[in-house]
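Read the structure below first, then the notes.
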Amino acid sequence: MTVLATFARVHVDDLDTALPVFRALTGGEPRLRFTHRGIELAVIGGFLLLAGPPEVLAPVRATQATVVVDALDAVLERAAREGAEILAPPRAAPTGRNLVVRHRGGAVIEYVEFDAATRAAAGLPG
């Protein structure tokens, strides 16, 4: 398994209002922008911005980072070997597939395996 990117997750009140701040901070434009399960998301620089109503964001607030990997199944195997808890098993996502793991020690990480189109849009190796 190779880590292709790591994004700090930032919850914002309104994505359109927050984006100018992150454009100035990163010097870039959003590489990805989409909606999933009522949450608006944007990838800009090393950040994954999430916006939505509090009740929609509540289930994802405990996730501390999003890590893009080249092989999601390898993450699942490693998590099992290390005694991690799978909070959300592998499932389809708008960008490919994802899963959420609570590692020993308490870190909660979302792992994503981008599909080819999303990798290209994000500027990641194919």
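Going by the structure tokens order, chains are called A, B, ..., each with residues numbered from 1, while ligands are numbered from 1 in the order shown.
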
What are the closest atom pairs, with distances in Å to one decimal, for all residues of stretch 20-81 of chain A lying within 12 Å of stretch 96-119 of chain A? Consider only C-alpha atoms, order rows by chain and residue number, and present the result as a tab-separated table.
```
residue	atom	partner	partner_atom	distance
A:Arg31	CA	A:Thr118	CA	9.3
A:Leu32	CA	A:Thr118	CA	7.8
A:Arg33	CA	A:Thr118	CA	10.5
A:Phe34	CA	A:Thr118	CA	11.0
A:Val43	CA	A:Thr118	CA	11.2
A:Leu48	CA	A:Glu110	CA	11.4
A:Pro59	CA	A:Val100	CA	11.6
A:Val60	CA	A:Glu110	CA	9.5
A:Arg61	CA	A:Val108	CA	9.8
A:Ala62	CA	A:Val108	CA	6.7
A:Thr63	CA	A:Val108	CA	4.9
A:Gln64	CA	A:Val108	CA	5.7
A:Ala65	CA	A:Ile109	CA	5.3
A:Thr66	CA	A:Glu110	CA	4.7
A:Val67	CA	A:Tyr111	CA	4.8
A:Val68	CA	A:Val112	CA	4.7
A:Val69	CA	A:Glu113	CA	5.3
A:Asp70	CA	A:Glu113	CA	5.8
A:Ala71	CA	A:Glu113	CA	6.2
A:Leu72	CA	A:Glu113	CA	5.6
A:Asp73	CA	A:Glu113	CA	9.2
A:Ala74	CA	A:Glu113	CA	10.6
A:Val75	CA	A:Tyr111	CA	7.7
A:Leu76	CA	A:Leu99	CA	8.3
A:Glu77	CA	A:Val101	CA	11.5
A:Arg78	CA	A:His103	CA	10.4
A:Ala79	CA	A:His103	CA	7.4
A:Ala80	CA	A:His103	CA	10.0
A:Arg81	CA	A:His103	CA	11.1
```

Task: Test item: residues at most 10 Å from stretch 20-22 of chain A, only C-alpha atoms, excluding those fewer than 3 positions along its chain, as a ChimeraX atom specification - done: /A:15-17,25-30,43-47,49

Task: All helix (DSSP H, G or I) positions in chain A, as a ChimeraX atom specification - done: /A:15-26,54-60,72-82,116-122

Members of chain A assigned strand (DSSP E or B) by DSSP, as a PDB file with C-alpha atoms, in the first residue's frame:
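Contents of the output file selection23.pdb:
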```pdb
ATOM      1  CA  VAL A   3      -0.067   6.667   0.493  1.00  0.00           C
ATOM      2  CA  LEU A   4      -0.708   9.056  -2.407  1.00  0.00           C
ATOM      3  CA  ALA A   5      -2.017  12.027  -0.409  1.00  0.00           C
ATOM      4  CA  THR A   6      -3.145  13.002   3.077  1.00  0.00           C
ATOM      5  CA  PHE A   7      -5.784  15.650   3.676  1.00  0.00           C
ATOM      6  CA  ALA A   8      -6.541  17.493   6.894  1.00  0.00           C
ATOM      7  CA  ARG A   9     -10.309  17.513   7.318  1.00  0.00           C
ATOM      8  CA  VAL A  10     -11.787  20.935   8.045  1.00  0.00           C
ATOM      9  CA  HIS A  11     -15.467  21.411   8.837  1.00  0.00           C
ATOM     10  CA  VAL A  12     -16.780  24.745   7.594  1.00  0.00           C
ATOM     11  CA  LEU A  32     -12.122  18.291  -6.509  1.00  0.00           C
ATOM     12  CA  ARG A  33     -15.568  19.442  -5.491  1.00  0.00           C
ATOM     13  CA  PHE A  34     -18.589  17.181  -5.004  1.00  0.00           C
ATOM     14  CA  THR A  35     -21.538  16.341  -2.760  1.00  0.00           C
ATOM     15  CA  HIS A  36     -21.914  13.026  -0.937  1.00  0.00           C
ATOM     16  CA  ILE A  39     -22.141  16.918   2.629  1.00  0.00           C
ATOM     17  CA  GLU A  40     -20.433  19.355   0.264  1.00  0.00           C
ATOM     18  CA  LEU A  41     -16.728  18.547  -0.102  1.00  0.00           C
ATOM     19  CA  ALA A  42     -13.777  20.257  -1.730  1.00  0.00           C
ATOM     20  CA  VAL A  43     -10.095  19.337  -1.928  1.00  0.00           C
ATOM     21  CA  ILE A  44      -7.818  22.355  -1.964  1.00  0.00           C
ATOM     22  CA  PHE A  47      -7.229  20.225   2.974  1.00  0.00           C
ATOM     23  CA  LEU A  48     -10.530  18.413   2.585  1.00  0.00           C
ATOM     24  CA  LEU A  49     -13.268  20.929   3.380  1.00  0.00           C
ATOM     25  CA  LEU A  50     -16.623  19.534   4.522  1.00  0.00           C
ATOM     26  CA  ALA A  51     -19.798  21.619   4.795  1.00  0.00           C
ATOM     27  CA  ALA A  65      -7.857  12.806   8.367  1.00  0.00           C
ATOM     28  CA  THR A  66      -8.445  11.422   4.892  1.00  0.00           C
ATOM     29  CA  VAL A  67      -5.654   9.350   3.380  1.00  0.00           C
ATOM     30  CA  VAL A  68      -5.639   8.475  -0.328  1.00  0.00           C
ATOM     31  CA  VAL A  69      -4.008   5.107  -1.014  1.00  0.00           C
ATOM     32  CA  GLU A  85     -11.619  -1.448  14.395  1.00  0.00           C
ATOM     33  CA  ILE A  86     -13.366  -1.031  11.055  1.00  0.00           C
ATOM     34  CA  LEU A  87     -15.969   1.688  11.643  1.00  0.00           C
ATOM     35  CA  ALA A  88     -17.189   1.732   8.022  1.00  0.00           C
ATOM     36  CA  PRO A  89     -16.314  -1.192   5.750  1.00  0.00           C
ATOM     37  CA  PRO A  90     -15.176  -0.663   2.158  1.00  0.00           C
ATOM     38  CA  ARG A  91     -17.929   0.913   0.096  1.00  0.00           C
ATOM     39  CA  ALA A  92     -18.456   2.866  -3.098  1.00  0.00           C
ATOM     40  CA  ALA A  93     -17.885   6.618  -2.912  1.00  0.00           C
ATOM     41  CA  GLY A  96     -13.854   5.527  -5.877  1.00  0.00           C
ATOM     42  CA  ARG A  97     -14.002   3.460  -2.664  1.00  0.00           C
ATOM     43  CA  ASN A  98     -13.452   4.282   0.988  1.00  0.00           C
ATOM     44  CA  LEU A  99     -13.413   2.842   4.488  1.00  0.00           C
ATOM     45  CA  VAL A 100     -13.028   4.285   7.980  1.00  0.00           C
ATOM     46  CA  VAL A 101     -10.700   2.763  10.580  1.00  0.00           C
ATOM     47  CA  ARG A 102     -10.200   3.441  14.288  1.00  0.00           C
ATOM     48  CA  VAL A 108      -9.905   7.641  13.249  1.00  0.00           C
ATOM     49  CA  ILE A 109      -8.832   7.777   9.602  1.00  0.00           C
ATOM     50  CA  GLU A 110     -10.795   7.619   6.366  1.00  0.00           C
ATOM     51  CA  TYR A 111      -8.901   5.769   3.631  1.00  0.00           C
ATOM     52  CA  VAL A 112      -9.865   6.357   0.007  1.00  0.00           C
ATOM     53  CA  GLU A 113      -8.846   4.578  -3.173  1.00  0.00           C
ATOM     54  CA  PHE A 114      -9.555   7.100  -5.927  1.00  0.00           C
TER      55      PHE A 114
END
```
